[in-house]
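For reference, the structure discussed in these notes is given below.
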Amino acid sequence: MLPALAAHPTSDLLRISDLDSDRLEWLLDLSLAMRRSPRGWLGAHPGGLVACYFAKPSTRTRVSFEGAIWRLGMLPVMLRPDELQLGRGEPIADTARVLSSYASAIVVRTFAQEDVQEIARAADVPVINALTDEHHPCQALADLLTIRTRFGRLRGVRVAYVGDGNNVAHSLMEAAALAGMEIRIATPDGYEPDPGVVIGAQGRARGTGGAVVLTHDPEVAVRDADVVYTDVWVSMGQDGERDRRLHDLRPYRVSGRLMGLAAPGAVFMHCLPAHRGEEVAPEVIDGVRSVVFQQAANRLPTEQAVLHSLLERSAVARRSGG
């Protein structure tokens, strides 16, 4: 039996720390139910519209959100910056207010976290962060569903994240802390995750029995880990840093040798797209330990669960006058 939605007051999902441990577990339970019954919620929100503002290119996020919205009986409206008045100087808050008058929810994939926060402040419908330079909460939810499916649990699972301490690392760290997992993040000097995110995650981990550990040694992070995770070394907007990043991050490539230090039965994870031969060896990502395409598939039911829960919470708030 899933807990009552009204018990969880979250109105937006801008980062994983917007959740608590109970809400995270509830969302994963609902995601699993939706994965098992893809059409079971088609009548949940009939006739609704979800505005999806994508300032960055996307494959998995765009297609999975469109699918999730349709599976809830709603219409996805995909919007690019060049299709809106933002390029002509309209404030982003004005755009958010207008979209709120048409849509039941707003999904945003952009660069600055502050832009998503400003949209959420101005909008009176739920707002979901579909990726910013600082956080990627929807990816982390799919990651945890993948791990729970593989190991039958989250608490006590050991995750090694190797590479750049970026948005994916931030959200995975926050999610692992809420779930009582141990996450070890290995980065070169100067590539560490944001200290504020680390401190917050470490505080939450103390309350769940988890742990957040930072190191510069990839072998220390990977040794006996149940999950080995990496991401691209050069993200969107970082092309000018490409040569430096490839040089600095080369020792953090997930090779067969590094993967061999992980626990027996360990899996390899990557949020995709991947650059074989850079952050991961082809034999690892294409090998029997890789679950990267299960991760990608789990984006759809987890986003469906987030949308459904926020829309239900919004409906409860409207009925109660909140």
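Every chain in the structure tokens takes a letter, A first, then B, and so on in the order presented; its residues are numbered from 1, and the ligands are numbered from 1 following the presented order.
Residues in contact range of Phe268 of chain A, defined as at most 7 Å between only C-alpha atoms, with sequence neighbours fewer than 6 positions away removed, read A:Val227, A:Val228, A:Tyr229, A:Ile285, A:Arg289, A:Ser290, A:Val291.
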Task: Shell around segment 14-27 of chain A at 9 Å using only C-alpha atoms, local window under 3 positions removed, as a PyMOL selection string - done: chain A and resi 2-3+5+8+10+30-32+113+116-117+120+127-131+134-138+140-141+170-172+174-175+177-180+200-201+208+302+305-306+309
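The list of residues with at least one atom within 12 Å of Asp243 of chain A, based on only C-alpha atoms and without residues fewer than 6 positions apart in the same chain, reads Trp233, Val234, Leu249, Arg250 and Glu278 of chain A.
Excluding Gln238 of chain A itself and any same-chain residue fewer than 5 positions from it, the protein and nucleic acid residues within 12 Å of it, counting only C-alpha atoms, are Phe111, Asp133, Asn166, Val232, Trp233, Asp243, Arg244, Arg245 and Leu246 of chain A.
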Open item on the list: I need the helix (DSSP H, G or I) residues of segment 1-209 of chain A per DSSP on the backbone, written as an NGL selection string.
Closed with: :A and (5-7 or 16-18 or 21-36 or 60-71 or 81-83 or 85-88 or 92-102 or 113-122 or 137-151 or 167-179 or 195-208)
Excluding Ala105 of chain A and any residue of its chain fewer than 2 positions from it, enumerate the residues within 10 Å of it, using only C-alpha atoms, and give them as a PDB file with N, CA and C atoms, in the first residue's frame.
ATOM      1  N   ASP A  12       7.307  21.089  -5.875  1.00  0.00           N
ATOM      2  CA  ASP A  12       8.179  21.083  -7.050  1.00  0.00           C
ATOM      3  C   ASP A  12       9.268  20.039  -6.833  1.00  0.00           C
ATOM      4  N   GLY A  48      -5.088  17.271 -19.505  1.00  0.00           N
ATOM      5  CA  GLY A  48      -4.091  18.221 -19.024  1.00  0.00           C
ATOM      6  C   GLY A  48      -3.006  18.485 -20.052  1.00  0.00           C
ATOM      7  N   LEU A  49      -2.221  19.498 -19.786  1.00  0.00           N
ATOM      8  CA  LEU A  49      -1.122  19.913 -20.666  1.00  0.00           C
ATOM      9  C   LEU A  49       0.110  20.142 -19.808  1.00  0.00           C
ATOM     10  N   VAL A  50       1.261  19.686 -20.279  1.00  0.00           N
ATOM     11  CA  VAL A  50       2.529  19.928 -19.584  1.00  0.00           C
ATOM     12  C   VAL A  50       3.465  20.668 -20.528  1.00  0.00           C
ATOM     13  N   ALA A  51       3.907  21.852 -20.120  1.00  0.00           N
ATOM     14  CA  ALA A  51       4.849  22.644 -20.907  1.00  0.00           C
ATOM     15  C   ALA A  51       6.268  22.197 -20.596  1.00  0.00           C
ATOM     16  N   CYS A  52       7.020  21.838 -21.627  1.00  0.00           N
ATOM     17  CA  CYS A  52       8.384  21.338 -21.462  1.00  0.00           C
ATOM     18  C   CYS A  52       9.340  22.302 -22.150  1.00  0.00           C
ATOM     19  N   PRO A  76       2.004  16.676 -24.010  1.00  0.00           N
ATOM     20  CA  PRO A  76       3.281  17.373 -23.845  1.00  0.00           C
ATOM     21  C   PRO A  76       3.444  18.442 -24.919  1.00  0.00           C
ATOM     22  N   LEU A  99       2.834  30.406 -18.801  1.00  0.00           N
ATOM     23  CA  LEU A  99       2.741  28.956 -18.959  1.00  0.00           C
ATOM     24  C   LEU A  99       1.848  28.341 -17.874  1.00  0.00           C
ATOM     25  N   SER A 100       1.890  28.928 -16.682  1.00  0.00           N
ATOM     26  CA  SER A 100       1.045  28.422 -15.588  1.00  0.00           C
ATOM     27  C   SER A 100      -0.436  28.534 -15.914  1.00  0.00           C
ATOM     28  N   SER A 101      -0.796  29.514 -16.720  1.00  0.00           N
ATOM     29  CA  SER A 101      -2.211  29.696 -17.048  1.00  0.00           C
ATOM     30  C   SER A 101      -2.703  28.692 -18.075  1.00  0.00           C
ATOM     31  N   TYR A 102      -1.761  28.018 -18.750  1.00  0.00           N
ATOM     32  CA  TYR A 102      -2.132  27.029 -19.758  1.00  0.00           C
ATOM     33  C   TYR A 102      -1.888  25.596 -19.287  1.00  0.00           C
ATOM     34  N   ALA A 103      -0.828  25.410 -18.534  1.00  0.00           N
ATOM     35  CA  ALA A 103      -0.311  24.064 -18.264  1.00  0.00           C
ATOM     36  C   ALA A 103      -0.590  23.618 -16.838  1.00  0.00           C
ATOM     37  N   VAL A 107       8.067  21.516 -17.088  1.00  0.00           N
ATOM     38  CA  VAL A 107       9.315  20.756 -17.037  1.00  0.00           C
ATOM     39  C   VAL A 107      10.399  21.613 -17.683  1.00  0.00           C
ATOM     40  N   ALA A 123       5.737  30.495 -10.944  1.00  0.00           N
ATOM     41  CA  ALA A 123       4.670  29.616 -11.413  1.00  0.00           C
ATOM     42  C   ALA A 123       3.747  29.226 -10.264  1.00  0.00           C
ATOM     43  N   ASP A 124       2.499  28.955 -10.578  1.00  0.00           N
ATOM     44  CA  ASP A 124       1.587  28.412  -9.566  1.00  0.00           C
ATOM     45  C   ASP A 124       1.156  26.997  -9.923  1.00  0.00           C
ATOM     46  N   VAL A 125       1.998  26.311 -10.725  1.00  0.00           N
ATOM     47  CA  VAL A 125       1.841  24.879 -11.003  1.00  0.00           C
ATOM     48  C   VAL A 125       3.174  24.213 -10.689  1.00  0.00           C
ATOM     49  N   PRO A 126       3.190  22.883 -10.521  1.00  0.00           N
ATOM     50  CA  PRO A 126       4.450  22.201 -10.206  1.00  0.00           C
ATOM     51  C   PRO A 126       5.513  22.401 -11.288  1.00  0.00           C
ATOM     52  N   VAL A 127       6.763  22.539 -10.848  1.00  0.00           N
ATOM     53  CA  VAL A 127       7.904  22.698 -11.745  1.00  0.00           C
ATOM     54  C   VAL A 127       8.887  21.560 -11.475  1.00  0.00           C
ATOM     55  N   ILE A 128       9.389  20.944 -12.547  1.00  0.00           N
ATOM     56  CA  ILE A 128      10.323  19.830 -12.443  1.00  0.00           C
ATOM     57  C   ILE A 128      11.616  20.197 -13.157  1.00  0.00           C
ATOM     58  N   LEU A 307       5.705  13.282 -11.929  1.00  0.00           N
ATOM     59  CA  LEU A 307       4.623  14.104 -12.458  1.00  0.00           C
ATOM     60  C   LEU A 307       3.300  13.810 -11.761  1.00  0.00           C
ATOM     61  N   LEU A 310       3.263  15.094  -8.058  1.00  0.00           N
ATOM     62  CA  LEU A 310       3.183  16.541  -7.927  1.00  0.00           C
ATOM     63  C   LEU A 310       1.825  17.069  -8.382  1.00  0.00           C
ATOM     64  N   LEU A 311       1.264  16.479  -9.421  1.00  0.00           N
ATOM     65  CA  LEU A 311      -0.055  16.906  -9.884  1.00  0.00           C
ATOM     66  C   LEU A 311      -1.133  16.566  -8.855  1.00  0.00           C
ATOM     67  N   SER A 314      -0.765  19.048  -6.089  1.00  0.00           N
ATOM     68  CA  SER A 314      -1.310  20.331  -6.507  1.00  0.00           C
ATOM     69  C   SER A 314      -2.828  20.340  -6.438  1.00  0.00           C
TER      70      SER A 314
END
Tell me which protein, DNA and RNA residues are within 12 Å of Ala262 of chain A, counting only C-alpha atoms, leaving out same-chain ones fewer than 2 positions away, and put them as a short mmCIF file (atom, residue, chain, number, x, y, z; two decimals) with C-alpha atoms, in the first residue's frame.
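So the final result, stored in result-v5.cif, reads:
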data_model
loop_
_atom_site.label_atom_id
_atom_site.label_comp_id
_atom_site.auth_asym_id
_atom_site.auth_seq_id
_atom_site.Cartn_x
_atom_site.Cartn_y
_atom_site.Cartn_z
CA ARG A 158 28.15 0.96 -1.92
CA VAL A 159 28.39 3.32 -4.90
CA ALA A 160 31.62 4.61 -6.43
CA TYR A 161 31.30 7.68 -8.64
CA PRO A 218 39.68 6.19 -8.00
CA GLU A 219 40.93 2.86 -6.69
CA VAL A 220 39.97 3.78 -3.13
CA ALA A 221 36.48 4.67 -4.34
CA VAL A 222 35.95 1.56 -6.47
CA ARG A 223 37.42 -1.10 -4.19
CA ASP A 224 34.59 -3.48 -3.10
CA ALA A 225 31.90 -1.13 -4.49
CA ASP A 226 28.59 -2.61 -5.63
CA VAL A 227 28.08 0.10 -8.27
CA VAL A 228 30.69 1.91 -10.36
CA TYR A 229 29.34 5.06 -11.99
CA VAL A 254 36.68 3.19 -15.84
CA SER A 255 38.77 0.45 -17.38
CA GLY A 256 38.42 -3.29 -17.04
CA ARG A 257 41.22 -3.21 -14.48
CA LEU A 258 39.52 -0.55 -12.37
CA MET A 259 36.17 -2.36 -12.63
CA GLY A 260 37.95 -5.49 -11.43
CA PRO A 264 31.77 -9.52 -7.16
CA GLY A 265 28.45 -8.86 -8.85
CA ALA A 266 29.10 -5.13 -9.13
CA VAL A 267 27.44 -3.24 -11.97
CA PHE A 268 28.57 -0.37 -14.16
CA ARG A 289 28.15 -5.85 -15.88
#
TODO: Could you please write out, as JSON, numbers by chain, every residue of segment 66-195 of chain A that DSSP assigns to strand (DSSP E or B)?
DONE: {"A": [75, 76, 77, 78, 79, 105, 106, 107, 108, 109, 127, 128, 129, 130, 131, 158, 159, 160, 161, 162, 182, 183, 184, 185, 186]}
Output for the residues just chosen: C-alpha atoms as a PDB file, in the first residue's frame:
ATOM      1  CA  LEU A  75      -0.460  16.527 -23.824  1.00  0.00           C
ATOM      2  CA  PRO A  76       3.281  17.373 -23.845  1.00  0.00           C
ATOM      3  CA  VAL A  77       4.098  20.733 -25.444  1.00  0.00           C
ATOM      4  CA  MET A  78       7.801  20.936 -26.263  1.00  0.00           C
ATOM      5  CA  LEU A  79       9.316  24.448 -26.308  1.00  0.00           C
ATOM      6  CA  ALA A 105       2.990  21.492 -14.820  1.00  0.00           C
ATOM      7  CA  ILE A 106       6.239  22.858 -16.256  1.00  0.00           C
ATOM      8  CA  VAL A 107       9.315  20.756 -17.037  1.00  0.00           C
ATOM      9  CA  VAL A 108      12.579  22.708 -17.480  1.00  0.00           C
ATOM     10  CA  ARG A 109      15.931  21.616 -18.924  1.00  0.00           C
ATOM     11  CA  VAL A 127       7.904  22.698 -11.745  1.00  0.00           C
ATOM     12  CA  ILE A 128      10.323  19.830 -12.443  1.00  0.00           C
ATOM     13  CA  ASN A 129      14.045  20.217 -13.059  1.00  0.00           C
ATOM     14  CA  ALA A 130      14.858  18.041 -16.074  1.00  0.00           C
ATOM     15  CA  LEU A 131      18.557  19.020 -15.814  1.00  0.00           C
ATOM     16  CA  ARG A 158      28.150   0.965  -1.915  1.00  0.00           C
ATOM     17  CA  VAL A 159      28.394   3.316  -4.900  1.00  0.00           C
ATOM     18  CA  ALA A 160      31.615   4.610  -6.426  1.00  0.00           C
ATOM     19  CA  TYR A 161      31.303   7.682  -8.639  1.00  0.00           C
ATOM     20  CA  VAL A 162      34.494   8.348 -10.624  1.00  0.00           C
ATOM     21  CA  GLU A 182      27.458   4.680   0.976  1.00  0.00           C
ATOM     22  CA  ILE A 183      28.712   6.822  -1.895  1.00  0.00           C
ATOM     23  CA  ARG A 184      32.395   7.464  -2.569  1.00  0.00           C
ATOM     24  CA  ILE A 185      33.209  10.183  -5.078  1.00  0.00           C
ATOM     25  CA  ALA A 186      36.660  10.203  -6.683  1.00  0.00           C
TER      26      ALA A 186
END
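Take atom CA of His275 of chain A and atom CA of Asp231 of chain A: the distance between them is 9.0 Å.
Taking only C-alpha atoms into account, Thr110 of chain A lies nearest to A:Phe54 out of the set A:Tyr191, A:Phe54, A:Phe151, A:Trp70.
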Task: Residue contacts of Gln139 of chain A (8 Å, only C-alpha atoms) excluding same-chain residues fewer than 6 positions away, as an NGL selection string - done: :A and (168 or 171 or 271 or 299)
Those same residues - C-alpha atoms - I'd like them written as a PDB file, in the first residue's frame.
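The resulting result-v3.pdb:
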ATOM      1  CA  VAL A 168      24.958  14.005 -11.964  1.00  0.00           C
ATOM      2  CA  SER A 171      22.011  14.460  -7.475  1.00  0.00           C
ATOM      3  CA  CYS A 271      23.736   8.366 -17.448  1.00  0.00           C
ATOM      4  CA  ARG A 299      13.783   7.392 -16.756  1.00  0.00           C
TER       5      ARG A 299
END
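Checking A:Pro38, A:Pro188, A:Gly165, A:Gly207 one by one against Asp248 of chain A, counting only C-alpha atoms, you find the shortest gap at A:Pro188.
Across the structure, atom CA of Gln304 of chain A and atom CA of Val63 of chain A are spaced 12.0 Å apart.
Separating atom CA of Ser64 of chain A from atom CA of Asp94 of chain A is a distance of 27.3 Å.
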